[in-house]
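So the structure is just underneath, and the comments pick up after that.
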Amino acid sequence: MPEDLLALARRLEGECACGRRHALQTRALYSGGRVPGRLRALAGDLAAGGQILCVYDATTKALAGPLVSEALRGLPQAEAILLGDEIHADERALGQILLRAGEKTALLLAVGSGTVNDSTRLVAHRLKLPYLVLGTAPSMDGYASSVSPVLDQGMKITYEAVAPEAVLFDEGILAAAPRKMVAAGLGDMLGKHIALLDWELSQAILGESRCEAVFGLMSEALARCEKLAPGLAAGEEGAAARLAEGLTLSGLAMQMMGNSRPASGAEHHIAHFLEMRQLLRGEKPSLHGDKVGVATLFMIEFYQKLFQKRREAKPVDLRLWEARLRRGYGPLAGGFLRAAPLEQGEGRTSVEQYEGYLRHFDGFAQKAAVLAAKREDFAQMLEAAGGPSAPEGIGATRQDMKDAMLCAFLLRPRYSALRMAFRLGVLEEIAEEIFA
């Protein structure tokens with residue numbers, strides 16, 4: 001099955017009708033019970049006698065350390081264990097890995113899920129070294145990604161990185177993953193509904209290039225994961241492994257585009273905003289996928305209201321908005337405003353964007369209605385899998401969610417329904433309707 005998924009992606013390699021040349025760095029994808037032998041063969045070939053640096057956190061060391069030790073016995077190796085009560089992909093985690101990497105390091109092995117992979121991937125890119133992934137939970141879609149979202153001085157910034165040479169999953173380890181992490185993976189995948197719709201919106205309004213083949217690959221990943229929801233809820237054997245495979249297919253789609261556009265839209269921007277706010281408060285952030293899942297439910301409602309009636313465009317007071325964003329982002333506001341000044345447009349004026357909104361209104365109204373009809377089903381999927389479907393389940397209030405809806409468009413220059421609504425002067429109007 002995993003090899004079939006990789007073959008599905010590989011068929012898209014080469015020159016494409018979209019004008020890009022798609023390429024995959026990841027050459028192997030495996031999920032099964034004979035992981036040690038495969039890991040040894042891959043690591044031995046890639047390291048070629050050099051040292052293998054295995055990157056863990058305390059939990060994944062206890063969970064998968066014995067398997068890795070068995071697989072790499074006799075090969076030159078070292079360890080980097082990310083320490084701390086709360087670890088994040090940030091300067092501290094990157095520094096811990098870099099301190100353990102030496103002149104003889106020839107390969108990095110990430111053993112874990114989100115934080116471990118995001119950190120290892122970026123270090124591998126900066127050191128120009130290959131890396132492998134042994135995934136330990138089906139909690140996120142970044143296993144095969146080529147970018148890393150990292151906390152840089154408290155700001156969530158996505159950096160160019162390198163994709164893994166191979167991704168491996170041991171079904172026994174995945175089956176032992178906490179139920180909440182499985183639910184987070186499902187939430188991350190459901191977010192693709194908004195990411196893909198935002199991509200279509202940007203193509204329609206701004207003329208952004210959209211690859212139909214990669215769009216279809218991501219849609220396939222999403223469909224596969226949605227079908228797993230009943231099995232995940234029932235704790236069926238192998239369901240977690242199949243979810244991990246679908247999540248990895250999402251990462252392959254990102255590799256094909258060279259960015260996270262196929263997998264990340266307004267729902268991810270909201271999730272990142274909430275994570276930064278929780279960290280600023282000194283709170284333990286909820287799981288990324290949980291935040292994405294809840295944000296997706298709110299963005300479905302946002303799209304429905306945006307295309308429920310033809311709204312009149314209104315003037316945008318940039319000084320008022322800057323003040324609002326400074327309150328929302330707190331001490332991080334200056335960095336984001338410098339990176340993406342409000343007066344910096346998207347290549348199309350607000351008038352042109354509004355004309356596009358009206359011209360494509362009927363088509364997006366239909367798409368938004370289809371999603372709205374599934375909203376309760378998605379909420380039930382998340383709850384049945386053991387995840388949250390409301391703000392309090394991710395440690396947020398409704399005011400936090402409203403602030404995120406109003407402010408998250410600044411977090412990335414990527415076009416989305418939130419950014420379009422801001423330019424048309426209707427963002428606050430829609431947020432008020434949702435959170436009335």
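Identifiers for the structure tokens are assigned positionally: chains receive A, B, ... in sequence, residues are indexed from 1 per chain, and ligands are indexed from 1 in the order shown.
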Near range 140-155 of chain A, within 8 Å and counting only C-alpha atoms, which residues show up once chain neighbours fewer than 4 positions away are dropped, as a PDB file with C-alpha atoms, in the first residue's frame?
```pdb
ATOM      1  CA  THR A  26      11.554  10.930  -1.104  1.00  0.00           C
ATOM      2  CA  HIS A  88       9.001  23.147  20.089  1.00  0.00           C
ATOM      3  CA  ALA A  89      10.637  23.481  16.706  1.00  0.00           C
ATOM      4  CA  ASP A  90      12.531  26.611  17.722  1.00  0.00           C
ATOM      5  CA  GLU A  91      16.021  28.027  18.254  1.00  0.00           C
ATOM      6  CA  SER A 113       6.438  13.367  14.710  1.00  0.00           C
ATOM      7  CA  GLY A 114       5.953  17.133  14.336  1.00  0.00           C
ATOM      8  CA  ASN A 117      10.791  16.308  12.140  1.00  0.00           C
ATOM      9  CA  ASP A 118      10.435  20.046  11.631  1.00  0.00           C
ATOM     10  CA  SER A 119      13.657  20.629  13.572  1.00  0.00           C
ATOM     11  CA  ARG A 121      14.509  18.702   8.457  1.00  0.00           C
ATOM     12  CA  LEU A 122      15.718  22.285   8.759  1.00  0.00           C
ATOM     13  CA  VAL A 133      12.170   9.673   9.103  1.00  0.00           C
ATOM     14  CA  GLY A 135       7.407   8.315  12.272  1.00  0.00           C
ATOM     15  CA  TYR A 159      11.442  27.996   6.221  1.00  0.00           C
ATOM     16  CA  GLU A 160      12.663  26.149   3.166  1.00  0.00           C
ATOM     17  CA  ALA A 161      14.102  22.790   4.217  1.00  0.00           C
ATOM     18  CA  VAL A 162      14.779  19.392   2.653  1.00  0.00           C
ATOM     19  CA  ALA A 163      12.473  16.421   2.178  1.00  0.00           C
ATOM     20  CA  PRO A 164      13.434  13.030   3.648  1.00  0.00           C
ATOM     21  CA  VAL A 167       9.678   7.698   5.503  1.00  0.00           C
ATOM     22  CA  ALA A 184      -4.918  15.390  15.588  1.00  0.00           C
ATOM     23  CA  GLY A 185      -3.788  13.735  12.362  1.00  0.00           C
ATOM     24  CA  ASP A 188      -4.803  18.144  10.061  1.00  0.00           C
ATOM     25  CA  MET A 189      -6.152  16.281   7.032  1.00  0.00           C
ATOM     26  CA  ALA A 244      -0.028   7.969   8.516  1.00  0.00           C
ATOM     27  CA  LEU A 247      -0.719  12.103   5.742  1.00  0.00           C
ATOM     28  CA  THR A 248       2.560  11.280   4.033  1.00  0.00           C
ATOM     29  CA  LEU A 249       0.869  11.467   0.632  1.00  0.00           C
ATOM     30  CA  SER A 250      -0.065  15.027   1.588  1.00  0.00           C
ATOM     31  CA  GLY A 251       3.620  15.743   2.182  1.00  0.00           C
ATOM     32  CA  LEU A 252       4.486  14.325  -1.228  1.00  0.00           C
ATOM     33  CA  MET A 254       3.915  19.609  -1.042  1.00  0.00           C
ATOM     34  CA  GLN A 255       7.208  18.294  -2.407  1.00  0.00           C
ATOM     35  CA  GLY A 258       8.011  23.006  -3.643  1.00  0.00           C
ATOM     36  CA  ASN A 259       5.856  24.711  -0.990  1.00  0.00           C
ATOM     37  CA  SER A 260       2.973  24.013   1.388  1.00  0.00           C
ATOM     38  CA  MET A 276       1.712  31.824  19.301  1.00  0.00           C
ATOM     39  CA  LEU A 279       2.956  30.507  24.098  1.00  0.00           C
ATOM     40  CA  LEU A 280       2.860  34.237  24.840  1.00  0.00           C
ATOM     41  CA  HIS A 288      -1.338  21.431  15.989  1.00  0.00           C
ATOM     42  CA  GLY A 289      -3.764  19.079  14.236  1.00  0.00           C
ATOM     43  CA  LEU A 332       5.139  39.849  17.791  1.00  0.00           C
ATOM     44  CA  GLY A 335       7.875  41.541  12.971  1.00  0.00           C
TER      45      GLY A 335
END
```
Closest pair table for range 119-221 of chain A residues within 9 Å of range 233-243 of chain A, only C-alpha atoms, as a tab-separated table:
```
residue	atom	partner	partner_atom	distance
A:Ala137	CA	A:Ala240	CA	8.0
A:Pro138	CA	A:Leu243	CA	6.2
A:Ser139	CA	A:Leu243	CA	8.8
A:Phe169	CA	A:Ala241	CA	7.3
A:Asp170	CA	A:Ala241	CA	8.0
A:Glu171	CA	A:Ala241	CA	5.9
A:Gly172	CA	A:Gly238	CA	8.9
A:Leu174	CA	A:Ala240	CA	6.1
A:Ala175	CA	A:Ala240	CA	6.2
A:Ala177	CA	A:Ala240	CA	8.4
A:Arg179	CA	A:Gly235	CA	8.6
A:Val182	CA	A:Ala240	CA	6.7
A:Ala183	CA	A:Ala233	CA	8.7
A:Gly185	CA	A:Leu243	CA	7.5
A:Leu186	CA	A:Leu243	CA	7.6
```
Write to file, as a PDB file, in the first residue's frame, the residues of the selection just made, with C-alpha atoms.
```
ATOM      1  CA  ALA A 137       2.398   8.938  15.480  1.00  0.00           C
ATOM      2  CA  PRO A 138      -0.114   9.734  12.704  1.00  0.00           C
ATOM      3  CA  SER A 139      -0.531  13.230  14.106  1.00  0.00           C
ATOM      4  CA  PHE A 169       6.361   3.614   9.990  1.00  0.00           C
ATOM      5  CA  ASP A 170       6.297   0.635  12.331  1.00  0.00           C
ATOM      6  CA  GLU A 171       2.683  -0.463  12.688  1.00  0.00           C
ATOM      7  CA  GLY A 172       3.223  -1.568  16.274  1.00  0.00           C
ATOM      8  CA  LEU A 174       1.739   3.656  15.449  1.00  0.00           C
ATOM      9  CA  ALA A 175      -0.871   1.419  17.095  1.00  0.00           C
ATOM     10  CA  ALA A 177       0.189   6.201  19.686  1.00  0.00           C
ATOM     11  CA  ARG A 179      -5.665   8.420  20.704  1.00  0.00           C
ATOM     12  CA  VAL A 182      -4.474  10.067  15.954  1.00  0.00           C
ATOM     13  CA  ALA A 183      -7.371  12.528  16.186  1.00  0.00           C
ATOM     14  CA  GLY A 185      -3.788  13.735  12.362  1.00  0.00           C
ATOM     15  CA  LEU A 186      -7.382  13.514  11.185  1.00  0.00           C
TER      16      LEU A 186
END
```
*What's the 8 Å shell around Ala64 in chain A, counting only C-alpha atoms, without same-chain residues fewer than 2 positions away, as a count of residues only?*
9
Any chance you could tabulate, as a tab-separated table, the residues of range 296-384 of chain A at most 10 Å from range 192-196 of chain A with each one's nearest atom pair and distance in Å to one decimal, using only C-alpha atoms, in chain and rising number order?
```
residue	atom	partner	partner_atom	distance
A:Thr296	CA	A:Ile194	CA	6.6
A:Leu297	CA	A:Ile194	CA	9.4
A:Met299	CA	A:Ile194	CA	7.0
A:Ile300	CA	A:Ile194	CA	7.3
A:Tyr303	CA	A:Ile194	CA	8.9
A:Ala368	CA	A:Ile194	CA	9.8
A:Leu371	CA	A:His193	CA	8.0
```
Atoms to include: N, CA and C atoms. Write the selected residues as an mmCIF file, in the first residue's frame.
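Wrote out-v7.cif, looks like this:
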```cif
data_model
loop_
_atom_site.group_PDB
_atom_site.id
_atom_site.type_symbol
_atom_site.label_atom_id
_atom_site.label_comp_id
_atom_site.auth_asym_id
_atom_site.auth_seq_id
_atom_site.Cartn_x
_atom_site.Cartn_y
_atom_site.Cartn_z
ATOM 1 N N THR A 296 -10.766 24.603 10.927
ATOM 2 C CA THR A 296 -11.438 24.202 9.680
ATOM 3 C C THR A 296 -12.946 24.354 9.801
ATOM 4 N N LEU A 297 -13.496 23.945 10.932
ATOM 5 C CA LEU A 297 -14.946 24.064 11.132
ATOM 6 C C LEU A 297 -15.379 25.526 11.074
ATOM 7 N N MET A 299 -13.711 27.956 9.495
ATOM 8 C CA MET A 299 -13.494 28.465 8.145
ATOM 9 C C MET A 299 -14.569 27.971 7.175
ATOM 10 N N ILE A 300 -15.128 26.816 7.428
ATOM 11 C CA ILE A 300 -16.262 26.366 6.610
ATOM 12 C C ILE A 300 -17.425 27.339 6.773
ATOM 13 N N TYR A 303 -16.534 30.645 4.907
ATOM 14 C CA TYR A 303 -16.765 30.552 3.463
ATOM 15 C C TYR A 303 -18.264 30.603 3.146
ATOM 16 N N ALA A 368 -18.904 26.314 -1.333
ATOM 17 C CA ALA A 368 -19.052 26.609 0.096
ATOM 18 C C ALA A 368 -20.268 25.890 0.668
ATOM 19 N N LEU A 371 -19.455 22.198 1.293
ATOM 20 C CA LEU A 371 -18.674 22.036 2.518
ATOM 21 C C LEU A 371 -19.532 22.255 3.762
#
```
Go through range 235-303 of chain A residue by residue and, counting only C-alpha atoms, keep those with an atom at most 8 Å from range 377-390 of chain A; for each kept residue give the shortest atom pair and its distance in Å to one decimal, ordered by chain and increasing number, as JSON lines.
```
{"residue": "A:Asp290", "atom": "CA", "partner": "A:Pro388", "partner_atom": "CA", "distance": 6.5}
{"residue": "A:Gly293", "atom": "CA", "partner": "A:Ser389", "partner_atom": "CA", "distance": 7.1}
{"residue": "A:Val294", "atom": "CA", "partner": "A:Ser389", "partner_atom": "CA", "distance": 5.2}
{"residue": "A:Leu297", "atom": "CA", "partner": "A:Ala379", "partner_atom": "CA", "distance": 7.3}
```
Could those selected residues go to a file with C-alpha atoms, as an mmCIF file, in the first residue's frame?
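Output below, filename out_31.cif:
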```cif
data_model
loop_
_atom_site.group_PDB
_atom_site.id
_atom_site.type_symbol
_atom_site.label_atom_id
_atom_site.label_comp_id
_atom_site.auth_asym_id
_atom_site.auth_seq_id
_atom_site.Cartn_x
_atom_site.Cartn_y
_atom_site.Cartn_z
ATOM 1 C CA ASP A 290 -6.429 19.720 16.858
ATOM 2 C CA GLY A 293 -9.427 20.722 12.830
ATOM 3 C CA VAL A 294 -11.309 23.283 14.929
ATOM 4 C CA LEU A 297 -14.946 24.064 11.132
#
```
_A:Leu418, A:Leu325, A:Ala408, A:Cys16 ranked by distance to Ile270 in chain A, top pick (using only C-alpha atoms)_ =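 That would be A:Ala408, the residue with the smallest distance to Ile270 in chain A.
Proximity ranking of A:Arg414, A:Lys180, A:Arg319, A:Arg324 relative to His268 in chain A places A:Arg414 first, based on only C-alpha atoms.
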Any chance you could tabulate, as JSON lines, the residues of range 187-304 of chain A at most 10 Å from range 364-367 of chain A with each one's nearest atom pair and distance in Å to one decimal, using only C-alpha atoms, in chain and rising number order?
```
{"residue": "A:Leu197", "atom": "CA", "partner": "A:Lys367", "partner_atom": "CA", "distance": 8.2}
{"residue": "A:Glu200", "atom": "CA", "partner": "A:Phe364", "partner_atom": "CA", "distance": 9.1}
{"residue": "A:Leu201", "atom": "CA", "partner": "A:Phe364", "partner_atom": "CA", "distance": 8.0}
{"residue": "A:Ala204", "atom": "CA", "partner": "A:Phe364", "partner_atom": "CA", "distance": 9.8}
{"residue": "A:Tyr303", "atom": "CA", "partner": "A:Ala365", "partner_atom": "CA", "distance": 8.2}
{"residue": "A:Gln304", "atom": "CA", "partner": "A:Ala365", "partner_atom": "CA", "distance": 7.2}
```
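One distance worth recording is that between CA of Ile97 in chain A and CA of Ala124 in chain A, which is 9.7 Å.
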*Mind giving me the straight-line distance from CA of Val123 in chain A to CA of Leu98 in chain A in Å, one decimal?*
7.0 Å
*Using the chain letters and numbers from this document, which residues of range 10-258 of chain A does DSSP assign to strand (DSSP E), as number ranges by chain?*
A: 14-15, 21-22, 28-32, 51-57, 77-82, 105-112, 131-135, 147-152, 155-160, 166-170
*Nearest to Pro315 in chain A by atom-to-atom distance, counting only C-alpha atoms, from A:Ala421, A:Leu411, A:His272, A:Ala48*: A:Ala421
*Would you return as a ChimeraX atom specification the members of range 257-291 of chain A that DSSP assigns to alpha helix (DSSP H) on this structure's backbone?*
/A:257,266-280,288-291
*Pick out the closest residue to Glu301 in chain A from this set: A:Lys374, A:Arg419, A:His360, A:Arg327. Count only C-alpha atoms.*
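Smallest distance to Glu301 in chain A is found for A:Lys374.
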*Excluding Ala253 in chain A and residues on its chain fewer than 5 positions from it, collect all residues at most 8 Å away from it, counting only C-alpha atoms, and give them as JSON, numbers by chain.*
{"A": [9, 214, 215, 217, 218, 262]}
Mind dumping the selected residues with C-alpha atoms as a PDB file, in the first residue's frame?
```
ATOM      1  CA  ALA A   9       3.022  10.559  -6.709  1.00  0.00           C
ATOM      2  CA  VAL A 214      -1.014  18.041  -7.527  1.00  0.00           C
ATOM      3  CA  PHE A 215      -4.457  19.322  -6.536  1.00  0.00           C
ATOM      4  CA  LEU A 217      -3.059  14.139  -5.456  1.00  0.00           C
ATOM      5  CA  MET A 218      -3.954  16.116  -2.339  1.00  0.00           C
ATOM      6  CA  PRO A 262      -1.596  22.311  -1.400  1.00  0.00           C
TER       7      PRO A 262
END
```
_Atomic separation - CA of Leu206 in chain A relative to CA of Lys309 in chain A, Å_ = 21.3 Å
